[in-house]
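Beneath this line is the structure, given in structure tokens, with notes to follow.
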Amino acid sequence: DDLAEAVVRCEAAAPVLTDLGVTGVNQPQPVPTILRRSRKRFTTTTYEHIDFSPKVELPEPLAGYAPYLDGVLSARLLVHDEPNRPWIIWVHGVGQGRPDDIYSFRAAHLHEKLGYNVVLPVLPAHGARSHANVVHPSFDPLENIAVTVQAIAEVRTMVSWVGAQDPAAITVAGTSLGGPLAAIVAGLEPSVSSVLALVQMLGVHATLAHHLDRAGKVGRDAAALLRSDSVRAVSSVVDPLAVLPYAEPDRRLVIAALNDRVTWVTAAQRLHHHW
């Protein structure tokens with residue numbers, strides 16, 4: 001019943017969101033204000049923790065979820081003292097956004113061996129930014145869209161901030177849920193010169209429906225609701241297949257995992273063919 005009611009809310013929101021489109025919903029973001037910065041350590045890796053204040057305004061159908069998205073963008077950074085270095089912003093997946101992202105994404109290797117300045121943002125509703133009233137992804141499609149729009153804006157905020165640091169180049173990479181975020185940002189930000197989508201979850205609602213199909217009649221009914229026209233319509237404003245990266249084709253990379261149980265190879269192939 002809750003899912004059915006959520007789909008009804010999607011029907012009401014769809015005309016507004018689709019009229020705005022991808023670029024209307026996902027607005028450019030200015031260089032953010034730094035609220036706090038400190039030096040921290042995770043096991044043997046020292047990093048800088050910075051809290052930023054992004055200026056994100058969700059469109060009206062999504063604005064009701066804003067009080068549950070804390071509005072403080074946290075990021076872990078490994079930065080060289082020398083200017084004009086390449087930067088990489090690595091966007092995490094579901095259940096991540098913790099200090100151990102430094103190990104998961106081999107941040108020290110990227111920093112020390114490959115010479116990158118590394119930014120690991122913490123997405124809304126993840127890590128220390130978790131909220132008791134928000135589970136992501138959830139069975140409320142509009143909540144999922146609100147979190148995603150907020151996350152896209154925050155990654156674009158980081159691109160703006162990095163762009164003010166005299167970068168040699170900017171790469172945006174994303175794993176799992178972070179993959180489509182990286183893809184959308186790369187299609188909205190001309191300064192992103194390379195993009196990587198790693199074992200990406202191409203669509204949250206399509207992924208949930210794919211797994212619910214195997215959960216008996218109740219699961220199949222829920223999957224049908226998640227595949228409804230209204231859910232597809234509201235999801236279109238965060239669809240990575242609706243944009244093309246500004247990066248040159250040889251600077252776009254999609255990686256799939258044959259044995260991954262959440263995503264599937266055909267989703268990666270669709271993104272690859274689109275790129």
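To be explicit about the labels: the chains of the structure tokens are called A, B, and onward in the order shown, and within each one the residues are counted from 1, while ligands get numbers from 1 in the order they are shown.
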Let's see if you can do this: from backbone DSSP, list all helix (DSSP H, G or I) residues in segment 96-210 of chain A, as an NGL selection string. :A and (101-104 or 107-113 or 127-129 or 141-163 or 178-188 or 204-210)
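Omitting segment 216-231 of chain A and its sequence neighbours fewer than 4 positions away, and counting only C-alpha atoms, the residues within 7 Å are Ala4, Val7, Cys10, Glu11, Ala14, Pro141, His205, Ala206, Ala209, Leu212 and Ser235 of chain A.
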Those selected residues, please, written with N, CA, C and O atoms and delivered as a PDB file, in the first residue's frame.
ATOM      1  N   ALA A   4       2.189   1.789  -3.453  1.00  0.00           N
ATOM      2  CA  ALA A   4       1.132   2.257  -4.352  1.00  0.00           C
ATOM      3  C   ALA A   4       0.850   3.740  -4.123  1.00  0.00           C
ATOM      4  O   ALA A   4       0.668   4.511  -5.083  1.00  0.00           O
ATOM      5  N   VAL A   7       3.580   5.793  -5.663  1.00  0.00           N
ATOM      6  CA  VAL A   7       3.445   5.888  -7.116  1.00  0.00           C
ATOM      7  C   VAL A   7       2.407   6.949  -7.487  1.00  0.00           C
ATOM      8  O   VAL A   7       2.574   7.687  -8.466  1.00  0.00           O
ATOM      9  N   CYS A  10       4.031  10.144  -7.423  1.00  0.00           N
ATOM     10  CA  CYS A  10       4.852  10.302  -8.631  1.00  0.00           C
ATOM     11  C   CYS A  10       4.007  10.835  -9.787  1.00  0.00           C
ATOM     12  O   CYS A  10       4.473  11.656 -10.583  1.00  0.00           O
ATOM     13  N   GLU A  11       2.758  10.352  -9.873  1.00  0.00           N
ATOM     14  CA  GLU A  11       1.868  10.818 -10.940  1.00  0.00           C
ATOM     15  C   GLU A  11       1.645  12.324 -10.840  1.00  0.00           C
ATOM     16  O   GLU A  11       1.595  13.030 -11.856  1.00  0.00           O
ATOM     17  N   ALA A  14       5.195  14.110 -11.692  1.00  0.00           N
ATOM     18  CA  ALA A  14       5.805  13.877 -13.001  1.00  0.00           C
ATOM     19  C   ALA A  14       5.698  15.065 -13.951  1.00  0.00           C
ATOM     20  O   ALA A  14       6.698  15.432 -14.594  1.00  0.00           O
ATOM     21  N   PRO A 141       9.814   6.292  -4.523  1.00  0.00           N
ATOM     22  CA  PRO A 141      10.585   6.797  -5.664  1.00  0.00           C
ATOM     23  C   PRO A 141      10.940   8.272  -5.572  1.00  0.00           C
ATOM     24  O   PRO A 141      12.059   8.668  -5.935  1.00  0.00           O
ATOM     25  N   HIS A 205      15.378   2.287  -9.533  1.00  0.00           N
ATOM     26  CA  HIS A 205      14.080   1.617  -9.543  1.00  0.00           C
ATOM     27  C   HIS A 205      14.090   0.392 -10.450  1.00  0.00           C
ATOM     28  O   HIS A 205      13.474  -0.627 -10.134  1.00  0.00           O
ATOM     29  N   ALA A 206      14.818   0.467 -11.565  1.00  0.00           N
ATOM     30  CA  ALA A 206      14.959  -0.708 -12.425  1.00  0.00           C
ATOM     31  C   ALA A 206      15.709  -1.819 -11.701  1.00  0.00           C
ATOM     32  O   ALA A 206      15.370  -3.000 -11.835  1.00  0.00           O
ATOM     33  N   ALA A 209      13.363  -3.344  -9.077  1.00  0.00           N
ATOM     34  CA  ALA A 209      12.352  -4.164  -9.749  1.00  0.00           C
ATOM     35  C   ALA A 209      12.949  -5.473 -10.245  1.00  0.00           C
ATOM     36  O   ALA A 209      12.311  -6.531 -10.150  1.00  0.00           O
ATOM     37  N   LEU A 212      13.105  -7.710  -7.248  1.00  0.00           N
ATOM     38  CA  LEU A 212      11.780  -8.034  -6.710  1.00  0.00           C
ATOM     39  C   LEU A 212      11.050  -9.063  -7.569  1.00  0.00           C
ATOM     40  O   LEU A 212      10.181  -9.790  -7.065  1.00  0.00           O
ATOM     41  N   SER A 235      11.894   9.472 -12.796  1.00  0.00           N
ATOM     42  CA  SER A 235      13.278   8.997 -12.825  1.00  0.00           C
ATOM     43  C   SER A 235      14.052   9.572 -14.006  1.00  0.00           C
ATOM     44  O   SER A 235      15.293   9.580 -13.997  1.00  0.00           O
TER      45      SER A 235
END
Go through A:Asp19, A:Glu5, A:Glu112, A:Glu154 one by one, measure the shortest atom-to-atom distance of each to Ala75 of chain A using only C-alpha atoms, and give the residue with the smallest value. A:Glu154
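Nearest residue to Ala197 of chain A among A:Val119, A:Val91, A:Ala164, A:Leu142 is A:Val91, counting only C-alpha atoms.
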May I have the residues within 9 Å of Thr45 of chain A as a VMD selection string, using only C-alpha atoms and disregarding those fewer than 3 positions away in the same chain? chain A and resid 40 to 42 102 108
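Atom pair atom CA of Met201 of chain A / atom CA of Thr263 of chain A: separated by 5.6 Å.
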Find, counting only C-alpha atoms, the residue in A:Arg9, A:Arg129, A:His49, A:Arg214 that gets nearest to Ala233 of chain A. A:Arg9
Exercise: Leu20 of chain A partners within 12 Å, only C-alpha atoms, chain neighbours under 2 positions left out, as a PyMOL selection string: chain A and resi 13-18+22-27+58-61+233-234+236-238
Selected residues written out with N, CA and C atoms, as a compact mmCIF listing (two decimals), in the first residue's frame:
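What follows is the written file again_31.txt:
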# COMPACT_ATOMS: atom_id res chain seq x y z
N ALA A 13 3.74 14.47 -9.37
CA ALA A 13 5.01 15.19 -9.52
C ALA A 13 5.56 15.13 -10.94
N ALA A 14 5.20 14.11 -11.69
CA ALA A 14 5.81 13.88 -13.00
C ALA A 14 5.70 15.06 -13.95
N PRO A 15 4.54 15.70 -14.10
CA PRO A 15 4.46 16.83 -15.04
C PRO A 15 5.43 17.96 -14.71
N VAL A 16 5.59 18.26 -13.42
CA VAL A 16 6.49 19.34 -13.01
C VAL A 16 7.94 18.97 -13.30
N LEU A 17 8.33 17.76 -12.91
CA LEU A 17 9.73 17.35 -13.06
C LEU A 17 10.10 17.17 -14.53
N THR A 18 9.23 16.54 -15.30
CA THR A 18 9.55 16.31 -16.71
C THR A 18 9.56 17.62 -17.49
N VAL A 22 16.21 17.29 -17.24
CA VAL A 22 17.46 17.00 -16.53
C VAL A 22 18.18 18.28 -16.14
N THR A 23 18.30 19.21 -17.08
CA THR A 23 19.07 20.43 -16.79
C THR A 23 18.30 21.40 -15.90
N GLY A 24 16.97 21.36 -15.95
CA GLY A 24 16.19 22.23 -15.08
C GLY A 24 16.17 21.76 -13.65
N VAL A 25 16.13 20.45 -13.44
CA VAL A 25 16.13 19.89 -12.09
C VAL A 25 17.53 19.96 -11.48
N ASN A 26 18.54 19.70 -12.31
CA ASN A 26 19.93 19.64 -11.83
C ASN A 26 20.65 20.93 -12.23
N GLN A 27 20.58 21.90 -11.33
CA GLN A 27 21.12 23.23 -11.61
C GLN A 27 22.63 23.30 -11.36
N LEU A 58 16.08 22.04 -3.98
CA LEU A 58 15.34 21.00 -4.66
C LEU A 58 14.08 21.59 -5.28
N PRO A 59 13.68 21.10 -6.47
CA PRO A 59 12.42 21.58 -7.07
C PRO A 59 11.23 21.21 -6.20
N GLU A 60 10.15 21.92 -6.40
CA GLU A 60 8.99 21.85 -5.50
C GLU A 60 8.51 20.44 -5.18
N PRO A 61 8.36 19.53 -6.16
CA PRO A 61 7.86 18.20 -5.80
C PRO A 61 8.80 17.41 -4.88
N ALA A 233 8.80 8.35 -15.42
CA ALA A 233 8.81 9.77 -15.75
C ALA A 233 9.62 10.58 -14.74
N VAL A 234 9.39 10.36 -13.45
CA VAL A 234 10.15 11.14 -12.45
C VAL A 234 11.62 10.73 -12.45
N SER A 236 13.34 10.04 -15.02
CA SER A 236 14.02 10.52 -16.23
C SER A 236 14.91 11.73 -15.97
N VAL A 237 14.65 12.47 -14.88
CA VAL A 237 15.44 13.67 -14.62
C VAL A 237 16.78 13.34 -13.98
N VAL A 238 17.01 12.08 -13.65
CA VAL A 238 18.31 11.65 -13.12
C VAL A 238 18.84 10.46 -13.93
